[in-house]
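Student: My structure is below; once you've seen it, I'll send some questions.
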Amino acid sequence: MSSNSASRSVLRDFLASESAGGILLIFAAILAMIVANSALGESYHHLVHAETGPVLSDKLGPMTVHLWINDGLMAIFFLLVGLEIKREFVDGRLASWDRRRLPFIAAAAGMAVPALLYMLFAGSTPGLAQGWAIPAATDIAFAMGVLALLGRRAPTSLKLFLVTVAIVDDMGAVAIIALFYTATIDLAALGAAAALLGMMFACNRGGVRHLSVYLLLFACLWYAMLLSGVHATIAGVLAAMTIPLDRTPGAPDSAASPLHRLEHALHPWVAFAIVPVFGFVNAGVDIRGLGSEQLLSPLPLGIAAGLFLGKQIGIFGSVWLAVKLGIAGRLRGTTWRQVHAVAVLCGIGFTMSLFIGGLAFPGAPELIDEAKIGVLAGSLAAALIGYALLRLAPMHPDHDVIEAASEGEIVADGDVHDTSETLT
């Protein structure tokens, strides 16, 4: 394989598309807020909730633009999330327990502390406790878009740390959605979904490598999950676990690997179409006429505090403690101020937070709008403050040397060998 093809690794493409897609997502969110608060606001909300299809589920009723995006297109987003999780655990930066240790610690604390802060602010208010998971997850695309604006001031180890933490807490968010945001279960449909998933695993074990077979079964699995009562997007993560992956330790990703081919094919569509469309449809909330009393009510305040304060306290605190106790090594080529800044950026919860907000308060559009305000406020604060902190943070004395070494590792085998300093 030529050096040119070797350099086109999943990692390189992932970082590039996440950064560019994140910038597009930022613009989509801003545009949604502008449109929703303009003379076009009524047309915007009419378009979002327009009926555009048949009744696929008695529970959901007639399909709307909003449902097709949140239950349909987002299943493809979750499929990509699942592919990234599987690749990282089988053939990536999370393939060994030594590499998993720090991201798992940071992600766990980065989910627990925001949830606790949310409950502190909003948990005692009747009807709001079920929103505890809204500030739990980090938006990879949005955060990477902010890092892209910083150029060389964002070390590779920080980018990879943010990505791995976000992937781990995406796992947590998926588990939360499946366990805590499923009201009623249709056992027959769930059984059909289990049978379809079993067929996909059987195809994997039987050596089937044609992606068309898996994608057809994925579409059937999605519909079975939609009918089951478990959120249909979970089908994406489950299906991803069945896609065959060719392991290539110490070498560039295999061009023939079905998982790599599907991930490469999906990434541009998800980064540049699905996620921005989701952001545009879900971020638009009319804040005209809202006073400080509404903006500082328990729900938006709890979400904003969880994202902006909870994430940085949980992630930075756990990383600092893990390093001081000798549990993990310090991030290579970074200063503590840079680590704190990226912990602040992890408070950008946009996509997954908006998604969970819609699940937490079904049939309560006023609470969903309040949740959106909290998500937007917390994510905006995390983006602006995190950007400023990282912009002003001193660079590591050996920044250029370490970055050159990281680039060489990506060219050599499509990954960075280690993002942490050796423990002493």
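The way I read the labels, and the way they are meant: chains A, B, ... in the order of the structure tokens, residue 1 as the first residue of every chain, and ligand 1 as the first ligand shown, with later ones counted on from there.
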If you run DSSP on the backbone, which residues of segment 122-160 of chain A are alpha helix (DSSP H), as a ChimeraX atom specification?

Tutor: /A:122,140-150,156-160

Student: Now that the selection is made, can you save its residues with C-alpha atoms as an mmCIF file, in the first residue's frame?

Tutor:
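Final output, result32.cif:
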```cif
data_model
loop_
_atom_site.group_PDB
_atom_site.id
_atom_site.type_symbol
_atom_site.label_atom_id
_atom_site.label_comp_id
_atom_site.auth_asym_id
_atom_site.auth_seq_id
_atom_site.Cartn_x
_atom_site.Cartn_y
_atom_site.Cartn_z
ATOM 1 C CA ALA A 122 -34.283 20.564 38.835
ATOM 2 C CA ILE A 140 -18.297 15.039 18.998
ATOM 3 C CA ALA A 141 -18.996 17.009 15.812
ATOM 4 C CA PHE A 142 -19.743 20.334 17.518
ATOM 5 C CA ALA A 143 -16.708 20.077 19.829
ATOM 6 C CA MET A 144 -14.410 19.028 16.975
ATOM 7 C CA GLY A 145 -15.700 21.980 14.956
ATOM 8 C CA VAL A 146 -14.574 24.317 17.741
ATOM 9 C CA LEU A 147 -11.180 22.583 17.931
ATOM 10 C CA ALA A 148 -10.809 22.967 14.153
ATOM 11 C CA LEU A 149 -11.083 26.742 14.561
ATOM 12 C CA LEU A 150 -8.042 26.615 16.882
ATOM 13 C CA THR A 156 -3.581 15.782 18.507
ATOM 14 C CA SER A 157 -3.671 14.045 21.902
ATOM 15 C CA LEU A 158 -6.409 16.447 23.058
ATOM 16 C CA LYS A 159 -8.481 15.806 19.916
ATOM 17 C CA LEU A 160 -8.176 12.047 20.352
#
```

Student: Name all residues at most 9 Å from Phe104 of chain A (count only C-alpha atoms; drop same-chain ones fewer than 3 positions away) and give them as a VMD selection string.

Tutor: chain A and resid 100 to 101 107 to 109 164 to 165 168 to 169

Student: With N, CA and C atoms retained, export the selected residues as an mmCIF file, in the first residue's frame.

Tutor:
```cif
data_model
loop_
_atom_site.group_PDB
_atom_site.id
_atom_site.type_symbol
_atom_site.label_atom_id
_atom_site.label_comp_id
_atom_site.auth_asym_id
_atom_site.auth_seq_id
_atom_site.Cartn_x
_atom_site.Cartn_y
_atom_site.Cartn_z
ATOM 1 N N ARG A 100 -8.130 2.052 27.539
ATOM 2 C CA ARG A 100 -9.509 2.362 27.887
ATOM 3 C C ARG A 100 -9.616 3.079 29.226
ATOM 4 N N ARG A 101 -8.610 2.903 30.070
ATOM 5 C CA ARG A 101 -8.725 3.324 31.463
ATOM 6 C C ARG A 101 -9.079 4.797 31.614
ATOM 7 N N ALA A 107 -15.150 9.670 31.091
ATOM 8 C CA ALA A 107 -16.520 9.641 30.588
ATOM 9 C C ALA A 107 -17.515 9.342 31.705
ATOM 10 N N ALA A 108 -17.165 8.400 32.585
ATOM 11 C CA ALA A 108 -18.070 8.055 33.687
ATOM 12 C C ALA A 108 -18.294 9.258 34.595
ATOM 13 N N ALA A 109 -17.210 9.927 34.976
ATOM 14 C CA ALA A 109 -17.349 11.116 35.823
ATOM 15 C C ALA A 109 -18.048 12.235 35.063
ATOM 16 N N THR A 164 -12.424 9.996 22.092
ATOM 17 C CA THR A 164 -12.609 8.735 22.808
ATOM 18 C C THR A 164 -13.563 8.901 23.986
ATOM 19 N N VAL A 165 -13.454 10.013 24.716
ATOM 20 C CA VAL A 165 -14.391 10.266 25.813
ATOM 21 C C VAL A 165 -15.817 10.376 25.269
ATOM 22 N N VAL A 168 -17.150 6.949 24.334
ATOM 23 C CA VAL A 168 -17.518 6.164 25.517
ATOM 24 C C VAL A 168 -18.821 6.682 26.120
ATOM 25 N N ASP A 169 -18.980 8.022 26.212
ATOM 26 C CA ASP A 169 -20.243 8.477 26.805
ATOM 27 C C ASP A 169 -21.406 8.370 25.822
#
```

Student: Between A:Cys346, A:Ala95, A:Leu359, A:Ile34, which has the minimum distance to Leu380 of chain A (counting only C-alpha atoms)?

Tutor: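 Of A:Cys346, A:Ala95, A:Leu359, A:Ile34, the one nearest Leu380 of chain A is A:Cys346, counting only C-alpha atoms.
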
Student: Between atom CA of Gln294 of chain A and atom CA of Ala36 of chain A, what is the spacing in Å?

Tutor: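 Interatomic distance here is 17.7 Å.
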
Student: As a PyMOL selection string, please: the residues near Leu301 of chain A (cut-off 10 Å, only C-alpha atoms, same-chain neighbours under 4 positions excluded).

Tutor: chain A and resi 117-118+121-122+294-297+305-307+370-371+373-375+377-378

Student: For Ser38 of chain A, which residue among A:Arg288, A:Lys311, A:Arg209, A:His267 is the nearest when counting only C-alpha atoms?

Tutor: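 Between A:Arg288, A:Lys311, A:Arg209, A:His267, the residue approaching Ser38 of chain A most closely is A:Arg288.
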
Student: Using DSSP assignments from the backbone, pull out every residue in segment 3-177 of chain A that falls under strand (DSSP E) and give it to me as a ChimeraX atom specification.

Tutor: /A:51-57,61-64

Student: Residues within 6 Å of Leu79 of chain A, please, as a list in words. Count only C-alpha atoms; anything in the same chain fewer than 3 positions from it doesn't count.

Tutor: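 My reading of the contact set: Ile76, Gly82, Gly236, Val237 and Ala240 of chain A.
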
Student: What is the distance, in Å and to one decimal place, between atom CA of Ala232 of chain A and atom CA of Leu217 of chain A?

Tutor: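 Atom CA of Leu217 of chain A lies 13.9 Å from atom CA of Ala232 of chain A.
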
Student: Between A:Leu376, A:Cys220, A:Phe27, A:Ala304, which is the closest to Ala189 of chain A once you count only C-alpha atoms?

Tutor: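 With only C-alpha atoms as the atom set, the closest residue is A:Cys220.
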
Student: Applying 12 Å and only C-alpha atoms, which residues near Val213 of chain A remain after dropping the ones on its own chain fewer than 2 positions away? List them as a VMD selection string.

Tutor: chain A and resid 196 199 to 204 207 to 211 215 to 220 239 242 to 244 258

Student: Compare A:Ala273, A:Ala256, A:Ala106, A:Ala382 by their minimum atom-to-atom distance to Gly22 of chain A, counting only C-alpha atoms, and give me the closest one.

Tutor: A:Ala273

Student: In Å to one decimal, how far is atom CA of Ala115 of chain A from atom CA of Leu128 of chain A?

Tutor: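 Atom CA of Ala115 of chain A lies 12.3 Å from atom CA of Leu128 of chain A.
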
Student: Considering only C-alpha atoms, state which residue in the set A:Val277, A:Leu94, A:Val163, A:Ile327 is at the smallest distance from His66 of chain A.

Tutor: A:Val277
